[in-house]
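**Student:** Handing over data09.pdb, PDB, C-alpha atoms and all ligand atoms.
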ATOM      1  CA  MET A   1     -19.101   6.130  70.472
ATOM      2  CA  ALA A   2     -19.417   9.792  69.796
ATOM      3  CA  PHE A   3     -18.322  11.209  66.475
ATOM      4  CA  LYS A   4     -15.315  13.515  66.513
ATOM      5  CA  LEU A   5     -14.402  16.654  64.618
ATOM      6  CA  THR A   6     -11.910  15.522  61.983
ATOM      7  CA  PRO A   7      -8.667  17.479  62.328
ATOM      8  CA  LEU A   8      -7.811  19.686  59.364
ATOM      9  CA  PRO A   9      -5.241  17.854  57.214
ATOM     10  CA  TYR A  10      -3.223  21.129  56.946
ATOM     11  CA  ALA A  11      -2.419  24.182  59.044
ATOM     12  CA  ASP A  12      -5.282  26.652  59.364
ATOM     13  CA  THR A  13      -3.189  29.222  57.450
ATOM     14  CA  ALA A  14      -2.304  26.795  54.635
ATOM     15  CA  LEU A  15      -5.146  27.631  52.234
ATOM     16  CA  ALA A  16      -4.883  31.426  52.533
ATOM     17  CA  PRO A  17      -5.684  33.713  50.843
ATOM     18  CA  VAL A  18      -8.212  31.473  49.069
ATOM     19  CA  ILE A  19      -9.605  30.309  52.411
ATOM     20  CA  SER A  20      -8.287  32.199  55.424
ATOM     21  CA  ALA A  21      -7.552  30.944  58.922
ATOM     22  CA  GLU A  22     -10.462  33.103  60.069
ATOM     23  CA  THR A  23     -12.866  31.275  57.742
ATOM     24  CA  LEU A  24     -11.521  27.910  58.890
ATOM     25  CA  SER A  25     -11.858  28.918  62.534
ATOM     26  CA  PHE A  26     -15.583  29.422  62.000
ATOM     27  CA  HIS A  27     -16.245  26.838  59.304
ATOM     28  CA  HIS A  28     -14.294  23.980  60.885
ATOM     29  CA  GLY A  29     -14.202  25.069  64.511
ATOM     30  CA  LYS A  30     -17.816  26.253  64.776
ATOM     31  CA  HIS A  31     -20.012  25.049  61.894
ATOM     32  CA  HIS A  32     -18.574  21.545  61.533
ATOM     33  CA  GLN A  33     -18.242  21.166  65.307
ATOM     34  CA  THR A  34     -21.902  22.104  65.752
ATOM     35  CA  TYR A  35     -23.066  19.525  63.206
ATOM     36  CA  ILE A  36     -21.024  16.898  65.074
ATOM     37  CA  ASP A  37     -22.361  17.983  68.464
ATOM     38  CA  LYS A  38     -25.981  17.933  67.272
ATOM     39  CA  ALA A  39     -25.584  14.521  65.610
ATOM     40  CA  ASN A  40     -24.031  13.129  68.786
ATOM     41  CA  ALA A  41     -26.791  14.599  70.950
ATOM     42  CA  ALA A  42     -29.466  13.092  68.691
ATOM     43  CA  ILE A  43     -28.067   9.535  68.821
ATOM     44  CA  GLU A  44     -27.005   9.472  72.459
ATOM     45  CA  GLY A  45     -28.844   6.715  74.296
ATOM     46  CA  THR A  46     -30.440   5.351  71.101
ATOM     47  CA  ASP A  47     -29.634   2.205  69.147
ATOM     48  CA  LEU A  48     -27.705   4.382  66.673
ATOM     49  CA  ALA A  49     -25.168   5.405  69.325
ATOM     50  CA  ASP A  50     -22.650   2.712  68.368
ATOM     51  CA  LYS A  51     -23.129   2.970  64.595
ATOM     52  CA  SER A  52     -20.756   4.510  62.065
ATOM     53  CA  LEU A  53     -21.583   7.941  60.681
ATOM     54  CA  GLU A  54     -22.396   6.308  57.338
ATOM     55  CA  GLU A  55     -24.843   3.929  59.060
ATOM     56  CA  VAL A  56     -26.478   6.842  60.876
ATOM     57  CA  ILE A  57     -26.925   8.703  57.577
ATOM     58  CA  VAL A  58     -28.630   5.682  56.007
ATOM     59  CA  ALA A  59     -30.894   5.172  59.034
ATOM     60  CA  ALA A  60     -31.870   8.832  59.281
ATOM     61  CA  ARG A  61     -32.519   9.542  55.584
ATOM     62  CA  GLY A  62     -36.256   9.933  55.139
ATOM     63  CA  ALA A  63     -36.880   9.010  58.772
ATOM     64  CA  ASN A  64     -35.384  11.777  60.925
ATOM     65  CA  GLN A  65     -34.623  14.944  58.965
ATOM     66  CA  GLY A  66     -32.909  16.754  61.837
ATOM     67  CA  LEU A  67     -30.505  13.905  62.530
ATOM     68  CA  PHE A  68     -29.989  13.350  58.812
ATOM     69  CA  ASN A  69     -29.033  16.992  58.233
ATOM     70  CA  ASN A  70     -26.487  17.023  61.056
ATOM     71  CA  ALA A  71     -25.023  13.588  60.275
ATOM     72  CA  ALA A  72     -24.778  14.305  56.551
ATOM     73  CA  GLN A  73     -23.273  17.747  57.148
ATOM     74  CA  SER A  74     -20.724  16.165  59.515
ATOM     75  CA  TRP A  75     -19.725  13.710  56.786
ATOM     76  CA  ASN A  76     -19.721  16.286  53.984
ATOM     77  CA  HIS A  77     -17.420  18.636  55.894
ATOM     78  CA  GLY A  78     -14.958  15.866  56.803
ATOM     79  CA  PHE A  79     -14.834  14.956  53.128
ATOM     80  CA  TYR A  80     -14.522  18.613  52.076
ATOM     81  CA  TRP A  81     -11.453  19.282  54.253
ATOM     82  CA  HIS A  82      -9.706  16.369  52.549
ATOM     83  CA  SER A  83     -10.855  17.528  49.117
ATOM     84  CA  MET A  84      -8.434  20.453  49.378
ATOM     85  CA  ALA A  85      -4.673  20.556  49.798
ATOM     86  CA  ALA A  86      -2.154  23.262  50.593
ATOM     87  CA  GLU A  87       0.353  22.010  48.030
ATOM     88  CA  SER A  88      -0.193  21.255  44.373
ATOM     89  CA  THR A  89      -1.349  17.653  43.890
ATOM     90  CA  THR A  90      -1.414  15.299  40.920
ATOM     91  CA  ALA A  91      -4.178  13.064  39.599
ATOM     92  CA  SER A  92      -3.337   9.444  38.868
ATOM     93  CA  ASP A  93      -3.051   8.291  35.253
ATOM     94  CA  GLU A  94      -6.286   6.345  35.746
ATOM     95  CA  LEU A  95      -8.160   9.429  36.952
ATOM     96  CA  VAL A  96      -6.778  11.651  34.192
ATOM     97  CA  ALA A  97      -7.862   9.108  31.575
ATOM     98  CA  MET A  98     -11.379   8.989  33.026
ATOM     99  CA  ILE A  99     -11.571  12.796  33.194
ATOM    100  CA  ASN A 100     -10.456  13.086  29.580
ATOM    101  CA  ASN A 101     -13.074  10.528  28.596
ATOM    102  CA  ALA A 102     -15.917  12.196  30.483
ATOM    103  CA  PHE A 103     -15.101  15.903  30.127
ATOM    104  CA  GLY A 104     -12.483  16.228  27.377
ATOM    105  CA  SER A 105      -9.690  17.498  29.614
ATOM    106  CA  VAL A 106      -8.869  18.405  33.201
ATOM    107  CA  ASP A 107      -9.293  22.074  32.322
ATOM    108  CA  GLU A 108     -12.748  21.381  30.887
ATOM    109  CA  LEU A 109     -13.693  19.558  34.093
ATOM    110  CA  LYS A 110     -12.514  22.533  36.152
ATOM    111  CA  THR A 111     -14.613  24.914  34.048
ATOM    112  CA  LYS A 112     -17.686  22.709  34.404
ATOM    113  CA  LEU A 113     -17.222  22.338  38.172
ATOM    114  CA  ALA A 114     -17.071  26.122  38.510
ATOM    115  CA  ASP A 115     -20.122  26.577  36.282
ATOM    116  CA  ARG A 116     -22.150  24.091  38.308
ATOM    117  CA  GLY A 117     -21.062  25.725  41.558
ATOM    118  CA  VAL A 118     -21.968  29.207  40.312
ATOM    119  CA  GLY A 119     -25.301  27.938  39.029
ATOM    120  CA  HIS A 120     -26.230  26.048  42.174
ATOM    121  CA  PHE A 121     -29.120  27.952  43.771
ATOM    122  CA  ALA A 122     -28.602  28.750  47.463
ATOM    123  CA  SER A 123     -26.761  26.320  49.733
ATOM    124  CA  GLY A 124     -25.326  22.976  48.767
ATOM    125  CA  TRP A 125     -22.441  20.919  47.497
ATOM    126  CA  VAL A 126     -20.846  20.225  44.116
ATOM    127  CA  TRP A 127     -19.195  16.836  43.692
ATOM    128  CA  LEU A 128     -16.959  14.971  41.293
ATOM    129  CA  ALA A 129     -18.189  11.398  41.575
ATOM    130  CA  GLU A 130     -17.782   7.988  39.982
ATOM    131  CA  LYS A 131     -20.437   5.370  39.355
ATOM    132  CA  GLY A 132     -20.196   2.296  37.161
ATOM    133  CA  GLY A 133     -16.788   3.359  35.898
ATOM    134  CA  LYS A 134     -18.027   6.755  34.712
ATOM    135  CA  LEU A 135     -17.320  10.197  36.166
ATOM    136  CA  SER A 136     -19.937  12.893  36.601
ATOM    137  CA  ILE A 137     -20.526  16.184  38.367
ATOM    138  CA  GLU A 138     -23.313  15.948  40.917
ATOM    139  CA  GLU A 139     -25.010  18.541  43.108
ATOM    140  CA  THR A 140     -26.714  18.062  46.454
ATOM    141  CA  HIS A 141     -28.865  20.718  48.102
ATOM    142  CA  ASP A 142     -28.541  22.033  51.642
ATOM    143  CA  GLY A 143     -27.230  19.215  53.841
ATOM    144  CA  ASP A 144     -27.793  16.375  51.416
ATOM    145  CA  THR A 145     -24.877  14.046  50.732
ATOM    146  CA  LEU A 146     -23.550  11.477  48.280
ATOM    147  CA  ALA A 147     -22.256   9.352  51.184
ATOM    148  CA  ASP A 148     -25.080   6.809  50.833
ATOM    149  CA  SER A 149     -25.978   7.442  47.185
ATOM    150  CA  GLY A 150     -24.335   4.622  45.271
ATOM    151  CA  PHE A 151     -21.872   7.132  43.822
ATOM    152  CA  ASN A 152     -18.250   7.002  44.888
ATOM    153  CA  PRO A 153     -17.533  10.666  45.694
ATOM    154  CA  LEU A 154     -14.044  11.741  44.595
ATOM    155  CA  LEU A 155     -14.072  15.455  45.562
ATOM    156  CA  VAL A 156     -16.554  17.959  46.961
ATOM    157  CA  ILE A 157     -16.806  21.743  47.098
ATOM    158  CA  ASP A 158     -18.933  23.484  49.726
ATOM    159  CA  VAL A 159     -21.005  26.261  48.137
ATOM    160  CA  TRP A 160     -22.760  27.422  51.300
ATOM    161  CA  GLU A 161     -22.052  31.118  51.877
ATOM    162  CA  HIS A 162     -20.268  30.333  55.135
ATOM    163  CA  ALA A 163     -17.534  28.654  53.052
ATOM    164  CA  TYR A 164     -16.499  31.897  51.343
ATOM    165  CA  TYR A 165     -18.257  34.956  52.699
ATOM    166  CA  LEU A 166     -15.470  36.222  54.987
ATOM    167  CA  ASP A 167     -12.849  35.928  52.226
ATOM    168  CA  HIS A 168     -14.825  36.637  49.056
ATOM    169  CA  GLN A 169     -18.093  38.174  50.352
ATOM    170  CA  ASN A 170     -20.851  37.467  47.830
ATOM    171  CA  LYS A 171     -18.428  36.539  45.028
ATOM    172  CA  ARG A 172     -19.004  32.793  44.844
ATOM    173  CA  PRO A 173     -17.313  32.621  41.394
ATOM    174  CA  ALA A 174     -14.073  34.042  42.860
ATOM    175  CA  TYR A 175     -14.066  31.393  45.611
ATOM    176  CA  LEU A 176     -14.816  28.617  43.139
ATOM    177  CA  ASP A 177     -12.190  29.718  40.621
ATOM    178  CA  ALA A 178      -9.532  29.910  43.333
ATOM    179  CA  VAL A 179     -10.396  26.613  45.030
ATOM    180  CA  ILE A 180     -10.815  24.701  41.778
ATOM    181  CA  GLY A 181      -7.786  26.311  40.197
ATOM    182  CA  THR A 182      -5.302  25.849  43.024
ATOM    183  CA  LYS A 183      -6.578  23.883  46.029
ATOM    184  CA  LEU A 184      -8.375  20.729  44.919
ATOM    185  CA  ASN A 185      -6.661  17.582  46.197
ATOM    186  CA  TRP A 186      -6.265  15.433  43.095
ATOM    187  CA  ALA A 187      -4.263  12.868  45.065
ATOM    188  CA  PHE A 188      -7.255  12.385  47.399
ATOM    189  CA  ALA A 189      -9.567  12.031  44.394
ATOM    190  CA  SER A 190      -7.212   9.434  42.923
ATOM    191  CA  GLU A 191      -7.153   7.470  46.199
ATOM    192  CA  ASN A 192     -10.947   7.473  46.336
ATOM    193  CA  LEU A 193     -11.153   6.256  42.744
ATOM    194  CA  ALA A 194      -8.556   3.521  43.267
ATOM    195  CA  ARG A 195     -10.216   2.256  46.454
ATOM    196  CA  GLY A 196     -13.519   1.965  44.596
ATOM    197  CA  THR A 197     -15.665   2.274  47.704
ATOM    198  CA  THR A 198     -17.039   5.358  49.406
ATOM    199  CA  TRP A 199     -14.689   7.202  51.762
ATOM    200  CA  SER A 200     -15.304   6.523  55.457
ATOM    201  CA  TYR A 201     -15.543   9.312  58.019
ATOM    202  CA  PRO A 202     -12.641   8.839  60.480
ATOM    203  CA  ALA A 203     -13.715   7.124  63.720
TER     204      ALA A 203
HETATM  205 MN    MN X 301     -19.937  24.267  55.223
END
Write out the structure in this file as structure tokens.
**Tutor:**
Amino acid sequence: MAFKLTPLPYADTALAPVISAETLSFHHGKHHQTYIDKANAAIEGTDLADKSLEEVIVAARGANQGLFNNAAQSWNHGFYWHSMAAESTTASDELVAMINNAFGSVDELKTKLADRGVGHFASGWVWLAEKGGKLSIEETHDGDTLADSGFNPLLVIDVWEHAYYLDHQNKRPAYLDAVIGTKLNWAFASENLARGTTWSYPA
């Protein structure tokens, strides 16, 4: 069963001007689609062909770097689209309490997420994640993922240049401030926390 490109959970104009329809046309329509196509091509005719994307990631990690990169990037992008919302969203009481405990306040968390994203060298991902009842900010480099890490990812931000270059050029801090300030999907984060198990890529 081939993996599919997850539809955007909003119109392609919904995140503008933070993330334009033009960026989404390339980032979702080209970059994410290519990761999906390459992952599908790599598993076609193998015993991984009927596995979930999460199972493919586990099987490929440390064993097949090319497949791992494409499978993990497919997962990360599906998770990233859901980590943003067009409308303002609200964190659950449970999530707010855990954020206050771990970071002091939601505003402090937002500042730290932006700092980690700005400081992340080259391409990668910045995550808000939960493990053992505690929240933390995690970073993964290049195509690496938290999908099979033992963390429960709550939100992710793509800090590859292709995520922001058309809209913000080299100004990664401007992209991060705008996404973190206005577009993060706190309802999605709350759902992930409440479920208590890692999000599954849609079949
Ligand atoms: Mn990307």
**Student:** Counting all atoms listed in the file, note down every residue that has an atom within 7 Å of the point (-20.5, 7.4, 58.4) (file coordinates), as a VMD selection string.
**Tutor:** chain A and resid 52 to 57 75 200 to 201
**Student:** Would you save the residues from that selection as an mmCIF file, in the frame of the given file, using C-alpha atoms?
**Tutor:**
data_model
loop_
_atom_site.group_PDB
_atom_site.id
_atom_site.type_symbol
_atom_site.label_atom_id
_atom_site.label_comp_id
_atom_site.auth_asym_id
_atom_site.auth_seq_id
_atom_site.Cartn_x
_atom_site.Cartn_y
_atom_site.Cartn_z
ATOM 1 C CA SER A 52 -20.756 4.510 62.065
ATOM 2 C CA LEU A 53 -21.583 7.941 60.681
ATOM 3 C CA GLU A 54 -22.396 6.308 57.338
ATOM 4 C CA GLU A 55 -24.843 3.929 59.060
ATOM 5 C CA VAL A 56 -26.478 6.842 60.876
ATOM 6 C CA ILE A 57 -26.925 8.703 57.577
ATOM 7 C CA TRP A 75 -19.725 13.710 56.786
ATOM 8 C CA SER A 200 -15.304 6.523 55.457
ATOM 9 C CA TYR A 201 -15.543 9.312 58.019
#
**Student:** Edge lengths and centre, in Å to one decimal, as AutoDock Vina command-line options: that's what I need for the box along x, y and z that holds all listed atoms of region 68-80 of chain A plus 3 Å on each side.
**Tutor:**
--center_x -22.3 --center_y 16.0 --center_z 56.6 --size_x 21.5 --size_y 11.3 --size_z 15.0
**Student:** Which of these, A:Ala59, A:Leu24, A:Met98, A:Leu15, has the shortest distance to ligand MN 301 (chain X) once you count all atoms listed in the file?
**Tutor:**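 Of the candidates, the smallest distance to ligand MN 301 (chain X) is held by A:Leu24.
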**Student:** Which residue, A:Ile137, A:Ala85, A:Val126, A:Leu95, has the smallest gap to Leu109 (chain A) when you use only C-alpha atoms?
**Tutor:**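 Nearest candidate to Leu109 (chain A) out of A:Ile137, A:Ala85, A:Val126, A:Leu95: A:Ile137.
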**Student:** Write out as a PyMOL selection string each polymer residue whose atoms come within 9 Å of Ala91 (chain A), counting only C-alpha atoms; drop sequence neighbours fewer than 3 positions from it.
**Tutor:** chain A and resi 94-96+185-190
**Student:** Can you work out which one of A:Ser123, A:Asn69, A:Thr197, A:Thr89 has the shortest atom-to-atom distance to ligand MN 301 (chain X), counting only C-alpha atoms and all ligand atoms?
**Tutor:**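 Under the stated criterion, the closest residue is A:Ser123.
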**Student:** May I ask you to write as a count of residues only all residues lying at most 12 Å from ligand MN 301 (chain X), with all atoms listed in the file counted?
**Tutor:** 42
**Student:** Region 108-152 of chain A near region 177-180 of chain A within 9 Å: what's each residue's closest atom pair and its distance in Å to one decimal, counting all atoms listed in the file, ordered by chain then ascending residue number, as CSV?
**Tutor:**
residue,atom,partner,partner_atom,distance
A:Lys110,CA,A:Ile180,CA,6.3
A:Thr111,CA,A:Asp177,CA,8.5
A:Leu113,CA,A:Ile180,CA,7.7
A:Ala114,CA,A:Asp177,CA,6.4
**Student:** Write the selection just made, keeping C-alpha atoms, as a PDB file, keeping the file's coordinate frame?
**Tutor:**
ATOM      1  CA  LYS A 110     -12.514  22.533  36.152  1.00  0.00           C
ATOM      2  CA  THR A 111     -14.613  24.914  34.048  1.00  0.00           C
ATOM      3  CA  LEU A 113     -17.222  22.338  38.172  1.00  0.00           C
ATOM      4  CA  ALA A 114     -17.071  26.122  38.510  1.00  0.00           C
TER       5      ALA A 114
END
**Student:** Under the rule that all atoms listed in the file are counted, which of A:Leu128, A:Met84, A:Ala203, A:Asp37 is the nearest residue to Phe103 (chain A)?
**Tutor:**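 When distances to Phe103 (chain A) are compared using all atoms listed in the file, the smallest one comes from A:Leu128.
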**Student:** Which is closer to Ala147 (chain A) than all the others in A:Val106, A:Ile99, A:Val58, A:Ala86, using all atoms listed in the file?
**Tutor:**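 The shortest atom-to-atom distance to Ala147 (chain A) comes from A:Val58.
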